[in-house]
Each structure stands twice: as C-alpha cells, then as structure tokens.
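Data from work16.cif: mmCIF, C-alpha atoms
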data_model
loop_
_atom_site.label_atom_id
_atom_site.label_comp_id
_atom_site.auth_asym_id
_atom_site.auth_seq_id
_atom_site.Cartn_x
_atom_site.Cartn_y
_atom_site.Cartn_z
CA MET A 12 64.77 271.55 -111.09
CA PHE A 13 65.91 269.97 -107.82
CA ARG A 14 63.05 271.74 -105.95
CA PHE A 15 60.55 270.31 -108.46
CA VAL A 16 61.79 266.73 -107.86
CA ILE A 17 61.64 267.16 -104.06
CA ALA A 18 58.12 268.65 -104.23
CA ALA A 19 56.89 265.87 -106.57
CA ALA A 20 58.37 263.18 -104.30
CA ALA A 21 56.74 264.72 -101.21
CA ILE A 22 53.34 264.90 -102.94
CA ALA A 23 53.60 261.32 -104.23
CA LEU A 24 54.61 260.02 -100.81
CA SER A 25 51.80 261.77 -98.91
CA THR A 26 49.19 260.80 -101.52
CA GLY A 27 50.29 257.17 -101.41
CA LEU A 28 49.96 257.02 -97.62
CA ALA A 29 46.56 258.67 -97.68
CA LEU A 30 45.26 256.27 -100.31
CA ALA A 31 46.75 253.21 -98.64
CA ASN A 32 45.32 253.83 -95.17
CA SER A 33 42.53 256.31 -95.78
CA HIS A 34 43.71 258.28 -92.77
CA GLY A 35 47.22 259.32 -93.75
CA GLY A 36 49.03 257.73 -90.82
CA GLY A 37 51.43 254.83 -90.92
CA ASP A 38 49.27 252.72 -88.60
CA ALA A 39 47.02 249.95 -89.84
CA ALA A 40 43.38 250.85 -90.35
CA PRO A 41 41.26 250.22 -87.26
CA ALA A 42 39.50 246.85 -87.13
CA PRO A 43 35.78 247.00 -87.88
CA LYS A 44 33.53 246.76 -84.85
CA PRO A 45 31.56 243.51 -84.63
CA GLU A 46 27.85 243.98 -85.26
CA ALA A 47 25.72 243.71 -82.16
CA ALA A 48 23.22 240.89 -82.39
CA THR A 49 19.68 242.16 -82.57
CA ALA A 50 16.91 240.43 -80.68
CA PRO A 51 14.12 239.19 -82.98
CA ALA A 52 11.38 240.56 -80.73
CA LYS A 53 10.64 243.19 -78.12
CA VAL A 54 8.38 243.65 -75.12
CA ILE A 55 5.46 246.04 -75.21
CA ILE A 56 3.16 246.98 -72.36
CA THR A 57 -0.59 246.50 -72.89
CA LYS A 58 -3.64 246.77 -70.65
CA GLN A 59 -3.37 242.99 -70.20
CA GLY A 60 0.28 243.25 -69.20
CA PRO A 61 3.60 242.93 -71.05
CA LYS A 62 3.77 240.78 -74.18
CA LEU A 63 6.30 239.90 -76.84
CA VAL A 64 5.91 241.22 -80.37
CA ASP A 65 8.07 240.77 -83.44
CA LEU A 66 10.01 243.72 -84.86
CA LYS A 67 6.93 244.74 -86.90
CA GLY A 68 4.82 244.88 -83.74
CA MET A 69 2.84 241.68 -84.41
CA THR A 70 1.87 239.64 -81.35
CA LEU A 71 3.92 236.50 -80.72
CA TYR A 72 2.49 233.23 -79.41
CA THR A 73 3.71 229.99 -77.87
CA TYR A 74 2.25 226.51 -78.32
CA GLU A 75 1.52 224.35 -75.28
CA ARG A 76 2.74 221.21 -77.10
CA ASP A 77 6.23 222.70 -77.58
CA THR A 78 7.77 221.23 -74.44
CA THR A 79 11.35 220.20 -75.20
CA GLY A 80 12.79 223.59 -76.09
CA LYS A 81 14.65 222.03 -79.00
CA THR A 82 11.93 221.46 -81.60
CA SER A 83 8.62 222.82 -82.81
CA ASN A 84 5.53 220.63 -82.74
CA CYS A 85 3.71 222.89 -85.20
CA ASN A 86 4.55 221.53 -88.64
CA GLY A 87 2.76 220.99 -91.95
CA LYS A 88 -0.82 222.31 -91.96
CA CYS A 89 -0.32 223.81 -88.50
CA THR A 90 1.99 226.45 -90.01
CA GLU A 91 -0.90 227.72 -92.15
CA SER A 92 -2.59 228.95 -88.96
CA TRP A 93 0.53 229.64 -86.92
CA VAL A 94 3.54 231.12 -88.69
CA PRO A 95 6.91 230.30 -87.10
CA LEU A 96 9.06 233.36 -86.32
CA ALA A 97 11.72 232.62 -88.93
CA ALA A 98 15.42 232.94 -88.20
CA THR A 99 18.18 233.10 -90.78
CA ALA A 100 20.41 230.07 -91.24
CA ASP A 101 23.29 231.91 -89.52
CA ALA A 102 21.22 233.40 -86.65
CA ARG A 103 22.75 233.08 -83.19
CA ALA A 104 21.19 233.20 -79.73
CA VAL A 105 20.89 236.64 -78.17
CA GLY A 106 19.78 237.14 -74.57
CA ASP A 107 16.74 234.95 -73.83
CA PHE A 108 16.22 234.26 -77.54
CA THR A 109 17.50 231.01 -79.00
CA VAL A 110 17.40 229.48 -82.46
CA ILE A 111 15.91 226.04 -83.01
CA SER A 112 15.75 223.80 -86.07
CA ARG A 113 12.41 222.82 -87.57
CA ASN A 114 11.44 219.46 -89.12
CA ASP A 115 11.83 220.96 -92.62
CA GLY A 116 15.39 222.10 -91.84
CA SER A 117 14.53 225.80 -91.50
CA LYS A 118 15.33 227.79 -88.36
CA MET A 119 13.02 229.68 -86.04
CA TRP A 120 13.29 231.84 -82.94
CA ALA A 121 12.36 230.71 -79.45
CA TYR A 122 12.07 232.71 -76.23
CA ARG A 123 13.45 230.92 -73.20
CA TYR A 124 13.37 227.79 -75.34
CA ARG A 125 9.68 228.22 -76.27
CA PRO A 126 9.24 228.47 -80.07
CA LEU A 127 7.57 231.71 -81.20
CA TYR A 128 4.82 232.10 -83.79
CA THR A 129 2.61 234.81 -85.28
CA SER A 130 -1.03 234.41 -86.21
CA PRO A 131 -2.55 235.35 -89.59
CA ALA A 132 -5.68 236.27 -87.58
CA ASP A 133 -3.77 239.37 -86.41
CA LYS A 134 -4.00 241.94 -89.18
CA THR A 135 -2.37 244.97 -87.53
CA PRO A 136 0.39 245.42 -84.94
CA GLY A 137 -0.76 244.81 -81.39
CA GLU A 138 -3.78 242.67 -82.23
CA ALA A 139 -4.11 239.37 -80.35
CA ASN A 140 -6.81 237.43 -82.18
CA GLY A 141 -4.83 234.21 -82.39
CA THR A 142 -5.83 232.92 -78.95
CA ALA A 143 -9.50 232.84 -79.99
CA THR A 144 -8.96 229.68 -82.07
CA THR A 145 -7.73 227.30 -79.37
CA LEU A 146 -6.58 227.35 -75.78
CA GLN A 147 -3.35 225.52 -76.67
CA TRP A 148 -1.88 228.79 -77.90
CA ARG A 149 -0.82 231.56 -75.55
CA ILE A 150 0.42 235.09 -76.01
CA ALA A 151 4.17 235.06 -75.43
CA ARG A 152 4.99 237.04 -72.30
CA PRO A 153 8.41 237.97 -70.91
CA GLU A 154 7.70 236.30 -67.57
CA ASP A 155 7.04 232.92 -69.26
#
Exercise: express the given structure as structure tokens:
Amino acid sequence: MFRFVIAAAAIALSTGLALANSHGGGDAAPAPKPEAATAPAKVIITKQGPKLVDLKGMTLYTYERDTTGKTSNCNGKCTESWVPLAATADARAVGDFTVISRNDGSKMWAYRYRPLYTSPADKTPGEANGTATTLQWRIARPED
C-alpha cells in the first residue's frame, strides 16, 4: 500500500509540473519573441530600374503635391483614381516606411515621408499604367 501512495504522489507531481509549464521544468515558460515588423512594400527590379510594389506586387506611386511628409494631398475624389496604401491603426514605422494620418482619420504608408498609392489602372502585378493619366504622379522608386 505504501508503494502505491508513493507512486501515485510521484505521478501527480510530475503531471502537475508538466501541465503547469508545458516543459516539465521548474523554470518559468520562455517569454514570447516580439513579432518583427513587416515592411508594407518591397523593391523589384524592372527594365526601367528598381521600383516599389506593395506586398501583392502592385506598382506604388507618389504624388508631386505631397510635400510635407506628414499629410496626403490626395483626398476625396482623388482617392477614386489613386488608392492610398492603407496602414492599420496600430501600424508603426519600419525602416524607410512611415505611417501618416489622412484627412479622414485613416492611416496610410509613406516611403521616406512620401505617401504611397496604387492605381486602379494597374490590373496585374508589375503593371505601371497609372503614370499615363498625369505627370504629377510618379512610380515610387527606392532612390527617391
């Protein structure tokens, strides 16, 4: 009977530690690693040189009237032709990418303080049809 009590106590003790820490030791569980911030865009190389694209491969553009680096001058009807590269409310700067607030309170991404946009004229990744509409819009390039 005494052996049964000792064996039951040993099993209960080891099971309790394993369940409590998920690794059986007496140490605290390791702290979770912080998530690395992910850039909202990447650089691709084209025949015309390097350019920025969003994570879906769609060409990104900058607007010549965006000069302060803190706001976007493309609001209202402008956003029907030029779609701001949206950022989540809790997005944080990463590398050369910053987050700026728009007039409507939403957030968008900027590269080296130049707000970034996509164009509905681009139907597939890599296309750059947006610059055909006006010369005030430029393909976003990493050297800008």
| query | Do you know which residues are at most 12 Å from A:Lys81 counting only C-alpha atoms, after dropping those on the same chain fewer than 3 positions away, and could you put them as a list in words? | reply |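 My reading of the contact set: Asp77, Thr78, Asn84, Thr109, Val110, Ile111, Ser112, Arg113, Asn114, Lys118, Met119, Trp120, Ala121, Tyr122, Arg123, Tyr124, Arg125 and Pro126 of chain A.
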Go ahead and fit an axis-aligned box to every listed atom of stretch 58-65 of chain A plus 6 Å each side, and pass me the centre and edge lengths in Å, one decimal, as AutoDock Vina command-line options.
--center_x 2.2 --center_y 243.3 --center_z -76.3 --size_x 23.7 --size_y 18.9 --size_z 26.2
| message | If we count all atoms listed in the file and set the cut-off at 10 Å, which residues sit around A:Ala50, ignoring sequence neighbours fewer than 6 positions away in its own chain? Please answer as number ranges by chain. | response | A: 65-66, 103-109, 120
Cut-off 9 Å: closest stretch 37-115 of chain A/stretch 127-147 of chain A atom pairs per residue, using all atoms listed in the file, as CSV:
residue,atom,partner,partner_atom,distance
A:Ile55,CA,A:Gly137,CA,8.9
A:Thr57,CA,A:Gly137,CA,8.7
A:Val64,CA,A:Gly137,CA,7.6
A:Asp65,CA,A:Thr129,CA,8.3
A:Lys67,CA,A:Pro136,CA,6.9
A:Gly68,CA,A:Pro136,CA,4.6
A:Met69,CA,A:Pro136,CA,4.5
A:Thr70,CA,A:Gly137,CA,5.8
A:Leu71,CA,A:Thr129,CA,5.0
A:Tyr72,CA,A:Tyr128,CA,5.1
A:Thr73,CA,A:Leu127,CA,5.4
A:Tyr74,CA,A:Gln147,CA,5.9
A:Glu75,CA,A:Gln147,CA,5.2
A:Arg76,CA,A:Gln147,CA,7.5
A:Thr90,CA,A:Tyr128,CA,8.9
A:Glu91,CA,A:Pro131,CA,8.2
A:Ser92,CA,A:Ser130,CA,6.3
A:Trp93,CA,A:Ser130,CA,5.1
A:Val94,CA,A:Thr129,CA,5.1
A:Pro95,CA,A:Tyr128,CA,4.3
A:Leu96,CA,A:Tyr128,CA,5.1
A:Ala97,CA,A:Tyr128,CA,8.6
| query | Could you state the separation of atom CA of A:Trp148 and atom CA of A:Lys88 in Å, given to one decimal place? | reply |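 Distance between the two atoms: 15.5 Å.
Take the candidates A:Ile56, A:Leu63, A:Thr49, A:Ser117 and check each one against A:Arg149 using all atoms listed in the file; the shortest distance goes to A:Leu63.
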| request: Report the distance between atom CA of A:Gly80 and atom CA of A:Ala100 in Å, rounded to one decimal place. | output: 18.2 Å
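Close contacts of A:Gly60, defined as residues with an atom at most 12 Å away when counting only C-alpha atoms, with chain neighbours fewer than 5 positions off set aside, comprise Val54, Ile55, Ile150, Ala151, Arg152, Pro153 and Glu154 of chain A.
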